[in-house]
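Notes follow once the structure below has been shown.
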2 protein chains.
Amino acid sequence: MTILITNLSYSIDNNLNVYKDVDILIDNNNIKIGKFLMEKENINQKDLKIIDGKNKCAMPGLTNTHTHIPMTLLRGISDDMILQDWLKEKIWVNEAKLTKEAVYYGSLLGCLEMLRFGITSFNDMYFFSEEILKATKEIGLKGTICYPIIDFGTPEHDNLDKLLNGAENFIKKYKDEKTVKPAIAPHAPYTCSENTYIKCKEIANKYNTILHTHISETRYEVVEMENNKNIRPVDYLNNLNILDKNTIVAHCVWITKDEAKTLAKTETKISHCSTSNMKLASGGVMPLVELLQHGANISLGTDGVASNNNMDILEQMKITSLLHKAHRWDPTVADIDTVLKMGINSQSIGFENNDIILIDLGAPHMRPIHNIKSNIVYSANGNDVDTVIVNGKILMENKKFIFEDAVINNIYNKVNKIVEKFI
Amino acid sequence: MTILITNLSYSIDNNLNVYKDVDILIDNNNIKIGKFLMEKENINQKDLKIIDGKNKCAMPGLTNTHTHIPMTLLRGISDDMILQDWLKEKIWVNEAKLTKEAVYYGSLLGCLEMLRFGITSFNDMYFFSEEILKATKEIGLKGTICYPIIDFGTPEHDNLDKLLNGAENFIKKYKDEKTVKPAIAPHAPYTCSENTYIKCKEIANKYNTILHTHISETRYEVVEMENNKNIRPVDYLNNLNILDKNTIVAHCVWITKDEAKTLAKTETKISHCSTSNMKLASGGVMPLVELLQHGANISLGTDGVASNNNMDILEQMKITSLLHKAHRWDPTVADIDTVLKMGINSQSIGFENNDIILIDLGAPHMRPIHNIKSNIVYSANGNDVDTVIVNGKILMENKKFIFEDAVINNIYNKVNKIVEKFI
């Protein structure tokens, strides 16, 4: 299908250039922005879908580069708790109850939420990865689905060898998919040995896929490594040759300026989970300014909704800006273009951003428009996303999913049933 | 009109109690929550409006206790700037261009935005107050409209005497209104003399109305007062007998523990403008925990949208919680009930909270529901507000304003015209 969006009030491209009163022509993965495209282009009228762009702003799809979508099932199950209590009393006990089916329906719900909020690509890490991949394909989003590795096992496999085998088989099976990419995720330096990281990176290199891991989220884990191994996490992973352009690390709250430099130099991708870090009170603030000074590649991750409690990247753009301004007593940092760029950085998880979302400019909080990018970053929220086009296919139009209500209701009902057994 | 909301999935009352599967009966300003009200109550069927509450949560109306609604006209006109440059280069030059008509249409737009986001009462401070009051009545919100006083004049009057007279006349004229309350607003200790504060308080006392002022927003103004007068702002205002239960002070970022105690002891109302403070990088964080320990009365203010850039109190509840958790490295502070209470504290600006809003629970980001209050504070945003009932009157239903589209479009068009001359 060819899609022509006509008379757009505004359009923002991947380089954050702004155009007024333009059309957009979407032919599979080719996107053209310009004036009077209907007249100028040789458009196949037969399979043409026309969308009215009046009072709308087109922009690249949003990306969520660190999440655990099945944790959508745990939204709001516990808040305002100390991290260790939260994990032990609420998260781990309920995660242990999760079946394949639960992960599948939790993933469907998570994908729907991301779609509603204009997220067209994401990077996940959770067990029963095959179910997540299946759900992602069904909803139609682009996803890098990372198979998690933990030395002492996950609810999917109770030991490391089975997990490493499982990961390799998963990657082998799905490596030729186009819209979803299988990958591997050693959980964190405090749950995976040196040897585990090395083996994971071997698998990632063998299949040329992404390695996704947590790093320096809490001060505790950094101090523990310094005490036990006399090294800090970034240097530790760098010595193991884990850090390169195919590796994405989440959090990086407790890193030094030297570590920031190392992450930038190795072209490691960084997922900034500002909202989750604030909510869990990880203390400290990821050194965004220093990372950017060294040219680091940064994007935004919502983390699992259990610690957020949504996957709204538009909301997180604003929160990220506020956090860094307040932290540095400097309103000029984390400015509009900086956070917008982070919010659409799908390249960091291996996807070209050739998706288009439309933002509705009809509500009073989007008026007047002195600076459309400001209104999107500071005034809008995820519900202002109106239409979502992924891989040349419309998945949401006029705030309505393309799926039948019965499909949505079935997901909600299944989820309600699944969470009944949670404590 | 009598309104019966049936089969509500959830309802939250003013004391934050949660009810499941109930009805709500609204008869003017009387609200009853219970089961099977249609059967139990003697309802006048003649003028009865029934609203289906399925998949909705009813809660008290939100309140915005510090704002400057005509500044809606300046949304996004400048961001990411140092405070002084921002004020001088962008805000003051454009405010100087504002006519009565501009303030009126800016206020209509601001009221529409608040209505859309479920804010049923607010506290404003801006010149041409009569226009703001008129707009507020037309949209149907409850507003405390404070006439601003600045020693060197405002765009409304160029000298202090005229302003004080204007304020008194304004209060006299509207003091018997029910849904809007005229009040007085000496701007701040750095723009108003001791004598001005004393005269303002005399007027406030004479008509038993609210006095609204800015205090300790930036470190600069506090240090300046300490240098010039050898006293800190809260003690200064307390010595002038300004602080009591009819006074509301905005910001309070740079206050000491002793000042926190004074504010609590004098029963002064505090409007916490967390988002604006972060965006302008005021530095420091209002000592919420200490204020609450002393029993202070705190509510939330968005401040003008030029420094926010919206009036979404649901969003601000979350941001407030995140700010204090991150600031104190403690996830237990600014918990769900604390910020919810702040967000519905209309009593602090003189209005009983007998308004009802419905939150739509139909979107994926509101599922599942382990804790409805958590989903509202941490997962929802202003656009999830579905229906708004103020003073027993429906002003928005199913996300549609009661006003004709032509009325809305006229406001948008007038605003577009007004902002053309901005620089």
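Following the order of the structure tokens, chains are lettered A, B, ..., residues in each are numbered from 1, and ligands are numbered from 1.
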With 6 Å as the cut-off and only C-alpha atoms counted, what is the closest atom pair between each nearby residue of chain A and chain B? Distances in Å to one decimal, ordered by chain and number, as JSON lines.
```
{"residue": "A:Gly76", "atom": "CA", "partner": "B:Ser374", "partner_atom": "CA", "distance": 5.4}
{"residue": "A:Ile77", "atom": "CA", "partner": "B:His370", "partner_atom": "CA", "distance": 5.2}
{"residue": "A:Asp80", "atom": "CA", "partner": "B:Thr332", "partner_atom": "CA", "distance": 4.3}
{"residue": "A:Met81", "atom": "CA", "partner": "B:Thr332", "partner_atom": "CA", "distance": 5.4}
{"residue": "A:Ile82", "atom": "CA", "partner": "B:Pro331", "partner_atom": "CA", "distance": 5.9}
{"residue": "A:Glu113", "atom": "CA", "partner": "B:Pro364", "partner_atom": "CA", "distance": 5.0}
{"residue": "A:Met278", "atom": "CA", "partner": "B:Ala326", "partner_atom": "CA", "distance": 4.7}
{"residue": "A:Lys279", "atom": "CA", "partner": "B:Leu322", "partner_atom": "CA", "distance": 5.2}
{"residue": "A:Leu280", "atom": "CA", "partner": "B:Pro331", "partner_atom": "CA", "distance": 5.5}
{"residue": "A:Ala281", "atom": "CA", "partner": "B:Ala326", "partner_atom": "CA", "distance": 4.7}
{"residue": "A:Gly283", "atom": "CA", "partner": "B:Trp329", "partner_atom": "CA", "distance": 4.8}
{"residue": "A:Asn309", "atom": "CA", "partner": "B:Ser379", "partner_atom": "CA", "distance": 5.1}
{"residue": "A:Asn310", "atom": "CA", "partner": "B:Ser379", "partner_atom": "CA", "distance": 5.1}
{"residue": "A:Leu322", "atom": "CA", "partner": "B:Lys279", "partner_atom": "CA", "distance": 5.2}
{"residue": "A:Lys325", "atom": "CA", "partner": "B:Ala281", "partner_atom": "CA", "distance": 5.3}
{"residue": "A:Ala326", "atom": "CA", "partner": "B:Met278", "partner_atom": "CA", "distance": 4.7}
{"residue": "A:Trp329", "atom": "CA", "partner": "B:Ala281", "partner_atom": "CA", "distance": 4.7}
{"residue": "A:Asp330", "atom": "CA", "partner": "B:Ala281", "partner_atom": "CA", "distance": 5.4}
{"residue": "A:Pro331", "atom": "CA", "partner": "B:Asp80", "partner_atom": "CA", "distance": 4.9}
{"residue": "A:Thr332", "atom": "CA", "partner": "B:Asp80", "partner_atom": "CA", "distance": 4.3}
{"residue": "A:Asp335", "atom": "CA", "partner": "B:Asp80", "partner_atom": "CA", "distance": 5.7}
{"residue": "A:Pro364", "atom": "CA", "partner": "B:Glu113", "partner_atom": "CA", "distance": 5.0}
{"residue": "A:His365", "atom": "CA", "partner": "B:Glu113", "partner_atom": "CA", "distance": 5.4}
{"residue": "A:His370", "atom": "CA", "partner": "B:Ile77", "partner_atom": "CA", "distance": 5.3}
{"residue": "A:Asn371", "atom": "CA", "partner": "B:Gly76", "partner_atom": "CA", "distance": 5.8}
{"residue": "A:Ser374", "atom": "CA", "partner": "B:Gly76", "partner_atom": "CA", "distance": 5.4}
{"residue": "A:Tyr378", "atom": "CA", "partner": "B:Asn309", "partner_atom": "CA", "distance": 5.4}
{"residue": "A:Ser379", "atom": "CA", "partner": "B:Asn309", "partner_atom": "CA", "distance": 5.1}
```
Please identify all polymer residues within 7 Å of region 197-202 of chain B, counting only C-alpha atoms, omitting same-chain residues fewer than 3 positions from it, and present them as a PDB file with N, CA, C and O atoms, in the first residue's frame.
```
ATOM      1  N   ILE B 184      -6.129  39.195  45.967  1.00  0.00           N
ATOM      2  CA  ILE B 184      -5.042  40.149  45.716  1.00  0.00           C
ATOM      3  C   ILE B 184      -3.689  39.439  45.746  1.00  0.00           C
ATOM      4  O   ILE B 184      -3.491  38.506  46.514  1.00  0.00           O
ATOM      5  N   PRO B 186       0.226  40.586  45.832  1.00  0.00           N
ATOM      6  CA  PRO B 186       1.519  41.274  45.781  1.00  0.00           C
ATOM      7  C   PRO B 186       2.526  40.292  45.178  1.00  0.00           C
ATOM      8  O   PRO B 186       2.622  39.157  45.649  1.00  0.00           O
ATOM      9  N   CYS B 192       7.828  44.148  45.583  1.00  0.00           N
ATOM     10  CA  CYS B 192       6.856  44.868  46.418  1.00  0.00           C
ATOM     11  C   CYS B 192       7.536  45.263  47.733  1.00  0.00           C
ATOM     12  O   CYS B 192       8.230  44.439  48.343  1.00  0.00           O
ATOM     13  N   SER B 193       7.290  46.490  48.167  1.00  0.00           N
ATOM     14  CA  SER B 193       7.888  46.957  49.429  1.00  0.00           C
ATOM     15  C   SER B 193       7.127  46.383  50.627  1.00  0.00           C
ATOM     16  O   SER B 193       6.032  45.818  50.458  1.00  0.00           O
ATOM     17  N   GLU B 194       7.700  46.597  51.804  1.00  0.00           N
ATOM     18  CA  GLU B 194       7.004  46.213  53.046  1.00  0.00           C
ATOM     19  C   GLU B 194       5.623  46.836  53.089  1.00  0.00           C
ATOM     20  O   GLU B 194       4.621  46.200  53.401  1.00  0.00           O
ATOM     21  N   ASN B 205      -7.730  41.322  54.248  1.00  0.00           N
ATOM     22  CA  ASN B 205      -8.445  41.132  55.519  1.00  0.00           C
ATOM     23  C   ASN B 205      -9.823  41.787  55.493  1.00  0.00           C
ATOM     24  O   ASN B 205     -10.806  41.221  55.977  1.00  0.00           O
ATOM     25  N   LYS B 206      -9.866  42.995  54.926  1.00  0.00           N
ATOM     26  CA  LYS B 206     -11.132  43.757  54.879  1.00  0.00           C
ATOM     27  C   LYS B 206     -12.225  42.954  54.160  1.00  0.00           C
ATOM     28  O   LYS B 206     -13.379  42.945  54.584  1.00  0.00           O
ATOM     29  N   LEU B 211      -4.638  36.209  49.944  1.00  0.00           N
ATOM     30  CA  LEU B 211      -3.456  36.922  49.467  1.00  0.00           C
ATOM     31  C   LEU B 211      -2.511  35.876  48.878  1.00  0.00           C
ATOM     32  O   LEU B 211      -2.239  34.850  49.488  1.00  0.00           O
ATOM     33  N   LEU B 240       5.758  40.900  58.954  1.00  0.00           N
ATOM     34  CA  LEU B 240       4.769  41.870  58.457  1.00  0.00           C
ATOM     35  C   LEU B 240       3.331  41.366  58.647  1.00  0.00           C
ATOM     36  O   LEU B 240       2.378  41.994  58.178  1.00  0.00           O
ATOM     37  N   ILE B 242       1.925  38.836  57.272  1.00  0.00           N
ATOM     38  CA  ILE B 242       1.329  38.430  55.996  1.00  0.00           C
ATOM     39  C   ILE B 242       0.934  36.957  56.028  1.00  0.00           C
ATOM     40  O   ILE B 242       0.001  36.531  55.339  1.00  0.00           O
TER      41      ILE B 242
END
```
**OP:** Excluding region 263-266 of chain B and any residue of its chain fewer than 6 positions from it, enumerate the residues within 9 Å of it, using only C-alpha atoms, and give them as number ranges by chain.
**Re:** B: 234, 238, 243-245, 291-292, 294-297
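Among the candidates B:Glu41, B:Glu138, B:Asp405, B:Asp161, the one nearest to Leu4 (chain B) when counting only C-alpha atoms is B:Glu41.
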Subject >> Residue set, region 100-341 of chain B restricted to helix (DSSP H, G or I), as a PyMOL selection string >> reply: chain B and resi 100-116+129-139+160-174+194-206+219-229+233-239+257-265+274-279+288-293+305-307+313-328+336-341
**OP:** Could you find all residues in region 92-328 of chain B that DSSP calls strand (DSSP E or B) from the backbone, and write them as a ChimeraX atom specification?
**Re:** /B:119-125,142-149,180-186,211-215,247-251,269-272,297-300
